[in-house]
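Student: This one is upload_33.cif, mmCIF, C-alpha atoms.
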```cif
data_my_file
#
loop_
_atom_site.label_atom_id
_atom_site.label_comp_id
_atom_site.auth_asym_id
_atom_site.auth_seq_id
_atom_site.Cartn_x
_atom_site.Cartn_y
_atom_site.Cartn_z
CA MET A 244 76.37 169.60 43.17
CA SER A 245 73.95 171.42 45.47
CA LEU A 246 70.45 172.68 44.77
CA ARG A 247 70.17 176.44 45.31
CA VAL A 248 66.68 177.60 46.23
CA ASN A 249 65.66 181.25 46.47
CA ILE A 250 62.41 182.03 48.28
CA CYS A 251 61.39 185.51 47.14
CA GLY A 252 58.74 187.84 48.46
CA ALA A 253 58.14 191.04 50.38
CA PRO A 254 58.52 191.17 54.18
CA SER A 255 55.83 189.28 56.15
CA THR A 256 55.16 186.66 53.48
CA TYR A 257 56.38 183.70 55.59
CA LYS A 258 59.75 183.34 53.80
CA THR A 259 61.82 182.65 56.92
CA THR A 260 59.12 180.48 58.49
CA VAL A 261 58.90 178.38 55.34
CA CYS A 262 62.69 177.99 55.05
CA THR A 263 62.92 176.84 58.68
CA ALA A 264 60.18 174.26 58.12
CA LEU A 265 61.77 173.09 54.87
CA GLU A 266 65.09 172.49 56.61
CA SER A 267 63.35 170.20 59.08
CA LYS A 268 61.30 168.32 56.47
CA LEU A 269 64.27 167.81 54.15
CA LYS A 270 66.51 166.59 56.97
CA GLN A 271 63.86 163.99 57.79
CA ASP A 272 64.43 162.78 54.21
CA LYS A 273 68.18 162.54 54.96
CA LEU A 274 68.86 165.61 52.82
CA ASN A 275 71.32 168.14 54.20
CA ALA A 276 69.61 171.54 53.92
CA GLU A 277 70.43 174.91 55.47
CA THR A 278 69.13 178.45 55.15
CA SER A 279 71.51 181.30 54.40
CA LYS A 280 70.66 184.01 56.91
CA GLU A 281 69.64 187.44 55.67
CA TYR A 282 72.52 189.91 55.94
CA ALA A 283 70.38 193.03 55.39
CA ARG A 284 68.61 192.47 58.72
CA HIS A 285 71.97 192.46 60.54
CA TYR A 286 73.13 195.54 58.61
CA ILE A 287 70.00 197.57 59.38
CA ALA A 288 70.04 196.58 63.06
CA THR A 289 73.71 197.60 63.30
CA TYR A 290 74.01 200.65 61.03
CA GLY A 291 70.44 201.75 60.38
CA ILE A 292 68.44 201.83 57.15
CA PRO A 293 70.73 202.26 54.09
CA LYS A 294 70.77 205.81 52.78
CA ASP A 295 72.81 205.41 49.59
CA LEU A 296 73.45 202.92 46.79
CA HIS A 297 76.93 202.06 48.04
CA GLU A 298 75.39 200.53 51.15
CA GLN A 299 73.21 198.28 49.00
CA LEU A 300 76.35 197.02 47.25
CA ILE A 301 77.85 196.21 50.66
CA ILE A 302 74.70 194.32 51.66
CA GLN A 303 74.64 192.45 48.36
CA SER A 304 78.31 191.46 48.65
CA ASN A 305 77.95 190.16 52.20
CA GLN A 306 74.80 188.23 51.33
CA GLU A 307 76.71 186.64 48.46
CA THR A 308 79.43 185.52 50.88
CA ARG A 309 76.86 183.98 53.23
CA ASP A 310 75.04 182.20 50.40
CA ARG A 311 78.20 180.66 48.96
CA ALA A 312 79.39 179.45 52.37
CA VAL A 313 76.09 177.59 52.93
CA ASP A 314 76.09 176.31 49.35
CA GLU A 315 79.54 174.75 49.73
CA THR A 316 78.58 172.61 52.73
CA ASN A 317 75.02 171.46 51.99
CA GLN A 318 73.03 169.44 49.48
CA ILE A 319 70.32 172.10 49.46
CA MET A 320 70.97 175.80 50.01
CA LEU A 321 67.86 177.78 50.98
CA SER A 322 67.80 181.56 50.87
CA ASP A 323 64.93 183.70 52.15
CA THR A 324 66.59 186.84 50.76
CA PRO A 325 65.32 187.64 47.25
CA ALA A 326 68.27 187.72 44.84
CA MET A 327 67.08 191.05 43.50
CA ALA A 328 66.43 192.68 46.90
CA SER A 329 69.44 195.02 46.97
CA TYR A 330 68.72 196.25 43.44
CA LEU A 331 65.03 196.86 44.14
CA PHE A 332 65.68 198.65 47.44
CA GLY A 333 68.52 200.61 45.83
CA LYS A 334 66.28 201.72 42.97
CA ARG A 335 63.53 202.70 45.39
CA LEU A 336 66.05 204.64 47.49
CA LEU A 337 67.29 206.50 44.41
CA ASP A 338 63.75 207.25 43.21
CA ASN A 339 62.88 208.74 46.62
CA LEU A 340 66.08 210.79 46.65
CA MET A 341 65.41 212.18 43.17
CA ARG A 342 61.85 213.04 44.19
CA LYS A 343 63.07 214.96 47.24
CA GLN A 344 65.67 216.79 45.16
CA ASN A 345 63.15 217.39 42.38
CA THR A 346 65.48 215.89 39.77
CA LYS A 347 64.48 213.69 36.84
CA GLU A 348 67.79 211.98 36.13
CA PRO A 349 70.33 210.31 38.44
CA THR A 350 73.89 211.61 38.54
CA LYS A 351 76.57 209.71 36.62
CA ALA A 352 77.86 208.24 39.87
CA GLU A 353 74.38 207.16 40.94
CA TYR A 354 73.70 205.61 37.54
CA LYS A 355 77.01 203.72 37.70
CA PHE A 356 76.19 202.30 41.15
CA LEU A 357 72.68 201.31 40.02
CA GLU A 358 74.05 199.66 36.88
CA GLU A 359 76.59 197.71 38.93
CA LEU A 360 73.83 196.61 41.32
CA TYR A 361 71.70 195.49 38.38
CA MET A 362 74.44 193.42 36.72
CA LYS A 363 75.43 191.72 39.99
CA THR A 364 71.76 191.08 40.74
CA LEU A 365 71.21 189.47 37.35
CA LYS A 366 74.24 187.22 37.80
CA LYS A 367 73.09 186.22 41.29
CA THR A 368 69.55 185.49 40.09
CA TYR A 369 70.82 183.08 37.43
CA TRP A 370 73.00 181.39 40.08
CA PHE A 371 69.90 179.92 41.74
CA ASP A 372 68.43 176.65 40.43
CA LEU A 373 64.92 177.14 41.76
CA ILE A 374 63.17 180.46 42.38
CA VAL A 375 59.87 180.61 44.24
CA VAL A 376 57.87 183.81 44.68
CA PHE A 377 55.42 184.35 47.53
CA PRO A 378 52.61 186.87 46.87
CA PRO A 379 51.67 189.44 49.55
CA THR A 380 49.67 188.23 52.53
CA GLY A 381 47.94 191.55 53.16
CA THR A 382 49.32 191.69 56.69
CA ILE A 383 52.53 193.12 58.14
CA VAL A 384 54.39 191.70 61.13
CA GLU A 385 56.56 194.30 62.86
CA ASP A 386 60.03 192.81 63.41
CA GLY A 387 61.63 195.85 65.03
CA VAL A 388 63.97 196.29 62.07
CA ARG A 389 61.92 197.20 59.02
CA HIS A 390 58.72 199.21 58.84
CA GLU A 391 57.10 198.42 55.49
CA SER A 392 53.42 199.11 54.83
CA ILE A 393 50.86 197.02 52.96
CA LYS A 394 51.53 199.24 49.91
CA ASP A 395 55.29 198.64 50.26
CA GLN A 396 54.62 194.91 50.39
CA LEU A 397 52.73 195.06 47.10
CA ASP A 398 55.33 197.34 45.47
CA ILE A 399 58.16 194.97 46.43
CA TYR A 400 56.22 191.97 45.11
CA ASN A 401 55.56 193.75 41.81
CA GLY A 402 59.24 194.71 41.62
CA ILE A 403 60.31 191.08 42.07
CA ILE A 404 57.87 189.78 39.46
CA GLY A 405 58.77 192.60 37.09
CA PHE A 406 62.51 191.91 37.39
CA LEU A 407 62.08 188.18 36.78
CA ASN A 408 59.73 188.63 33.83
CA LEU A 409 61.91 191.32 32.24
CA ASN A 410 64.92 189.01 32.31
CA ASN A 411 63.01 185.86 31.32
CA VAL A 412 63.83 184.07 34.56
CA LYS A 413 61.76 180.99 35.30
CA TYR A 414 60.00 181.03 38.66
CA TYR A 415 57.10 179.45 40.51
CA GLU A 416 54.53 181.50 42.36
CA VAL A 417 53.28 179.85 45.55
CA GLY A 418 50.46 181.31 47.65
CA GLY A 419 48.05 180.18 50.34
CA GLU A 420 48.52 179.86 54.07
CA VAL A 421 51.93 179.13 55.55
CA GLU A 422 51.31 175.35 55.59
CA ASP A 423 50.38 175.47 51.89
CA ARG A 424 53.56 177.37 51.05
CA ILE A 425 55.71 174.91 52.99
CA GLN A 426 54.22 171.87 51.27
CA SER A 427 54.30 173.41 47.77
CA CYS A 428 57.96 174.41 48.15
CA TYR A 429 58.83 170.99 49.56
CA GLU A 430 57.26 169.27 46.56
CA LEU A 431 58.95 171.66 44.12
CA ILE A 432 62.36 170.96 45.67
CA LEU A 433 61.92 167.17 45.52
CA ARG A 434 60.63 167.34 41.94
CA THR A 435 63.55 169.53 40.88
CA MET A 436 66.04 167.14 42.50
CA GLU A 437 64.47 164.20 40.69
CA MET A 438 64.67 165.96 37.34
CA GLU A 439 68.26 167.11 37.72
CA SER A 440 71.47 165.46 38.91
CA TYR A 441 71.82 166.70 42.48
CA ASN A 442 73.59 164.66 45.10
#
```
I'd like the structure from this file rewritten - as C-alpha coordinates, please.

Tutor:
Amino acid sequence: MSLRVNICGAPSTYKTTVCTALESKLKQDKLNAETSKEYARHYIATYGIPKDLHEQLIIQSNQETRDRAVDETNQIMLSDTPAMASYLFGKRLLDNLMRKQNTKEPTKAEYKFLEELYMKTLKKTYWFDLIVVFPPTGTIVEDGVRHESIKDQLDIYNGIIGFLNLNNVKYYEVGGEVEDRIQSCYELILRTMEMESYN
(Lines of atoms letter the chains of each structure in order from A and count residues from 1; the text may use other names and numbers.)
(Lines give C-alpha, C1' and ligand atoms only; values in the text may rest on other atoms or scores of the structure.)
Protein backbone atom coordinates (compact mmCIF):
# COMPACT_ATOMS: atom_id res chain seq x y z
CA MET A 1 0.00 0.00 0.00
CA SER A 2 1.40 3.40 -0.97
CA LEU A 3 1.28 6.67 0.91
CA ARG A 4 -0.47 9.40 -1.09
CA VAL A 5 0.67 12.91 -0.23
CA ASN A 6 -0.99 16.06 -1.55
CA ILE A 7 0.95 19.32 -1.22
CA CYS A 8 -1.63 22.10 -1.56
CA GLY A 9 -1.18 25.81 -2.01
CA ALA A 10 -1.47 28.67 -4.45
CA PRO A 11 1.11 29.18 -7.23
CA SER A 12 4.56 30.34 -6.04
CA THR A 13 4.39 28.65 -2.63
CA TYR A 14 7.29 26.23 -3.30
CA LYS A 15 5.09 23.17 -3.92
CA THR A 16 7.10 21.77 -6.83
CA THR A 17 10.43 22.68 -5.24
CA VAL A 18 9.45 20.90 -2.03
CA CYS A 19 8.22 17.78 -3.86
CA THR A 20 11.48 17.55 -5.82
CA ALA A 21 13.52 17.83 -2.61
CA LEU A 22 11.31 15.28 -0.84
CA GLU A 23 11.84 12.76 -3.63
CA SER A 24 15.59 13.04 -3.12
CA LYS A 25 15.47 12.86 0.69
CA LEU A 26 13.09 9.90 0.72
CA LYS A 27 15.15 7.99 -1.84
CA GLN A 28 18.17 8.43 0.42
CA ASP A 29 16.08 6.56 3.02
CA LYS A 30 15.53 3.76 0.46
CA LEU A 31 11.92 4.82 -0.02
CA ASN A 32 10.61 4.88 -3.57
CA ALA A 33 8.95 8.28 -4.04
CA GLU A 34 7.81 10.13 -7.15
CA THR A 35 5.89 13.31 -7.90
CA SER A 36 2.86 13.23 -10.16
CA LYS A 37 3.37 16.08 -12.62
CA GLU A 38 0.75 18.81 -12.87
CA TYR A 39 -1.47 18.30 -15.92
CA ALA A 40 -3.02 21.79 -15.82
CA ARG A 41 0.32 23.37 -16.69
CA HIS A 42 0.56 21.21 -19.84
CA TYR A 43 -3.07 21.97 -20.74
CA ILE A 44 -2.68 25.74 -20.40
CA ALA A 45 0.59 25.76 -22.35
CA THR A 46 -1.06 23.73 -25.14
CA TYR A 47 -4.63 25.05 -25.30
CA GLY A 48 -4.59 28.28 -23.33
CA ILE A 49 -6.34 29.21 -20.09
CA PRO A 50 -9.59 27.22 -19.62
CA LYS A 51 -12.68 29.22 -20.51
CA ASP A 52 -15.45 26.85 -19.40
CA LEU A 53 -16.22 24.25 -16.75
CA HIS A 54 -15.95 21.34 -19.18
CA GLU A 55 -12.25 22.09 -19.58
CA GLN A 56 -11.77 21.87 -15.82
CA LEU A 57 -13.33 18.39 -15.89
CA ILE A 58 -10.85 17.40 -18.61
CA ILE A 59 -7.95 18.71 -16.51
CA GLN A 60 -9.23 16.93 -13.42
CA SER A 61 -9.65 13.63 -15.26
CA ASN A 62 -6.15 13.72 -16.75
CA GLN A 63 -4.60 14.67 -13.42
CA GLU A 64 -6.39 11.69 -11.88
CA THR A 65 -4.85 9.40 -14.50
CA ARG A 66 -1.36 10.75 -13.81
CA ASP A 67 -1.77 10.43 -10.04
CA ARG A 68 -2.95 6.83 -10.19
CA ALA A 69 -0.13 5.81 -12.53
CA VAL A 70 2.48 7.17 -10.09
CA ASP A 71 0.62 5.68 -7.12
CA GLU A 72 0.68 2.18 -8.62
CA THR A 73 4.47 2.09 -9.00
CA ASN A 74 5.79 3.85 -5.88
CA GLN A 75 5.81 3.56 -2.11
CA ILE A 76 5.11 7.28 -1.81
CA MET A 77 3.10 9.28 -4.32
CA LEU A 78 3.66 13.04 -4.10
CA SER A 79 1.34 15.49 -5.83
CA ASP A 80 1.95 19.24 -6.02
CA THR A 81 -1.48 19.77 -7.60
CA PRO A 82 -4.12 20.57 -4.95
CA ALA A 83 -6.89 17.97 -5.12
CA MET A 84 -9.47 20.75 -5.16
CA ALA A 85 -7.74 22.91 -7.79
CA SER A 86 -10.08 22.19 -10.72
CA TYR A 87 -13.15 22.86 -8.59
CA LEU A 88 -11.78 26.12 -7.19
CA PHE A 89 -10.64 27.40 -10.59
CA GLY A 90 -13.93 26.25 -12.14
CA LYS A 91 -15.94 28.09 -9.50
CA ARG A 92 -13.85 31.22 -9.96
CA LEU A 93 -14.30 30.98 -13.73
CA LEU A 94 -18.07 30.68 -13.33
CA ASP A 95 -18.23 33.58 -10.85
CA ASN A 96 -16.33 35.81 -13.30
CA LEU A 97 -18.59 34.76 -16.16
CA MET A 98 -21.74 35.50 -14.17
CA ARG A 99 -20.34 38.89 -13.18
CA LYS A 100 -19.64 39.78 -16.81
CA GLN A 101 -23.12 38.64 -17.85
CA ASN A 102 -24.68 40.38 -14.85
CA THR A 103 -26.46 37.19 -13.78
CA LYS A 104 -26.97 35.98 -10.22
CA GLU A 105 -27.56 32.28 -10.85
CA PRO A 106 -25.72 29.75 -13.04
CA THR A 107 -27.59 27.96 -15.80
CA LYS A 108 -28.75 24.39 -15.19
CA ALA A 109 -25.92 23.10 -17.35
CA GLU A 110 -23.34 25.19 -15.51
CA TYR A 111 -24.70 24.06 -12.14
CA LYS A 112 -24.54 20.42 -13.26
CA PHE A 113 -20.90 20.76 -14.35
CA LEU A 114 -19.97 22.52 -11.09
CA GLU A 115 -21.75 19.86 -9.04
CA GLU A 116 -19.92 17.10 -10.92
CA LEU A 117 -16.61 18.89 -10.34
CA TYR A 118 -17.39 19.20 -6.64
CA MET A 119 -18.28 15.53 -6.15
CA LYS A 120 -15.20 14.32 -8.04
CA THR A 121 -13.05 16.77 -6.09
CA LEU A 122 -14.40 15.51 -2.77
CA LYS A 123 -13.73 11.89 -3.75
CA LYS A 124 -10.20 12.76 -4.88
CA THR A 125 -9.47 14.70 -1.68
CA TYR A 126 -10.40 11.71 0.49
CA TRP A 127 -8.18 9.50 -1.71
CA PHE A 128 -5.06 11.17 -0.28
CA ASP A 129 -3.59 9.91 3.01
CA LEU A 130 -1.75 13.10 3.95
CA ILE A 131 -2.70 16.64 2.96
CA VAL A 132 -0.33 19.54 3.59
CA VAL A 133 -1.26 23.16 2.92
CA PHE A 134 1.32 25.87 2.22
CA PRO A 135 0.26 29.44 3.07
CA PRO A 136 1.01 32.30 0.63
CA THR A 137 4.57 33.56 0.42
CA GLY A 138 3.63 37.10 -0.59
CA THR A 139 5.67 36.82 -3.77
CA ILE A 140 4.82 35.63 -7.28
CA VAL A 141 7.24 33.90 -9.62
CA GLU A 142 6.25 34.27 -13.28
CA ASP A 143 6.40 30.85 -14.94
CA GLY A 144 5.25 31.91 -18.40
CA VAL A 145 2.04 29.90 -18.03
CA ARG A 146 -0.07 31.44 -15.28
CA HIS A 147 -0.33 35.07 -14.27
CA GLU A 148 -1.78 35.15 -10.75
CA SER A 149 -1.46 38.20 -8.52
CA ILE A 150 -0.75 38.41 -4.79
CA LYS A 151 -4.52 38.77 -4.26
CA ASP A 152 -5.15 35.65 -6.39
CA GLN A 153 -2.60 33.77 -4.28
CA LEU A 154 -4.48 34.66 -1.10
CA ASP A 155 -7.89 33.89 -2.64
CA ILE A 156 -6.71 30.44 -3.78
CA TYR A 157 -5.25 29.71 -0.33
CA ASN A 158 -8.51 30.73 1.35
CA GLY A 159 -10.43 28.57 -1.13
CA ILE A 160 -8.30 25.53 -0.30
CA ILE A 161 -8.63 26.01 3.46
CA GLY A 162 -12.35 26.72 3.12
CA PHE A 163 -12.95 23.55 1.09
CA LEU A 164 -11.03 21.36 3.53
CA ASN A 165 -12.69 22.84 6.61
CA LEU A 166 -16.17 22.66 5.09
CA ASN A 167 -15.73 18.95 4.40
CA ASN A 168 -13.96 18.15 7.69
CA VAL A 169 -10.79 17.00 5.95
CA LYS A 170 -7.72 16.70 8.16
CA TYR A 171 -4.71 18.66 6.96
CA TYR A 172 -1.46 20.15 8.20
CA GLU A 173 -0.47 23.73 7.50
CA VAL A 174 3.25 24.19 6.94
CA GLY A 175 4.86 27.61 6.50
CA GLY A 176 8.29 29.19 6.69
CA GLU A 177 11.06 29.33 4.12
CA VAL A 178 11.45 26.61 1.52
CA GLU A 179 13.93 24.64 3.68
CA ASP A 180 11.46 24.72 6.59
CA ARG A 181 8.67 23.43 4.37
CA ILE A 182 10.84 20.61 3.03
CA GLN A 183 11.88 19.44 6.50
CA SER A 184 8.38 19.72 8.00
CA CYS A 185 6.86 17.71 5.13
CA TYR A 186 9.64 15.12 5.36
CA GLU A 187 8.98 14.63 9.07
CA LEU A 188 5.21 14.45 8.52
CA ILE A 189 5.64 11.75 5.86
CA LEU A 190 7.93 9.62 8.05
CA ARG A 191 5.63 10.02 11.05
CA THR A 192 2.59 9.06 8.99
CA MET A 193 4.38 5.98 7.64
CA GLU A 194 5.33 4.92 11.16
CA MET A 195 1.75 5.27 12.38
CA GLU A 196 0.16 3.41 9.49
CA SER A 197 0.96 0.18 7.64
CA TYR A 198 2.72 1.39 4.50
CA ASN A 199 5.27 -0.75 2.74

Student: Closest to Val376 (chain A) among A:Phe356, A:Tyr415, A:Tyr361, A:Phe332, using only C-alpha atoms?

Tutor: A:Tyr415

Student: What is the distance, in Å and to one decimal place, between CA of Met320 (chain A) and CA of Thr260 (chain A)?

Tutor: 15.3 Å

Student: Applied to this file, what does the PyMOL selection byres ((chain A and resi 363) around 10) return in terms of residues, put as a list of chain:residue names?

Tutor: A:Leu300, A:Gln303, A:Ser304, A:Glu307, A:Ala326, A:Met327, A:Ser329, A:Tyr330, A:Leu357, A:Glu358, A:Glu359, A:Leu360, A:Tyr361, A:Met362, A:Thr364, A:Leu365, A:Lys366, A:Lys367, A:Thr368

Student: So that I can see what lies close to region 427-432 of chain A, please list as number ranges by chain the residues with an atom at most 7 Å from it, counting only C-alpha atoms and leaving out residues fewer than 4 positions away in the same chain.

Tutor: A: 265, 417, 423, 436

Student: Of the candidates A:Ser245, A:Leu407, A:Cys262, A:Ala328, which one gets nearest to Ala312 (chain A) if we count only C-alpha atoms?

Tutor: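 Looking at the shortest contact to Ala312 (chain A), the residue is A:Ser245.
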
Student: Choose the residue, out of A:Glu281, A:Asp323, A:Glu416, A:Asp314, that has the smallest atom-to-atom separation from Ile302 (chain A); count all atoms listed in the file.

Tutor: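 Answer, going by the shortest atom-to-atom distance: A:Glu281.
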
Student: Neighbouring residues of Ala264 (chain A) were defined as those with any atom within 12 Å, considering only C-alpha atoms; residues of the same chain fewer than 2 positions away were excluded. Please report them as a PyMOL selection string.

Tutor: chain A and resi 257-262+266-271+276-278+321+421-429
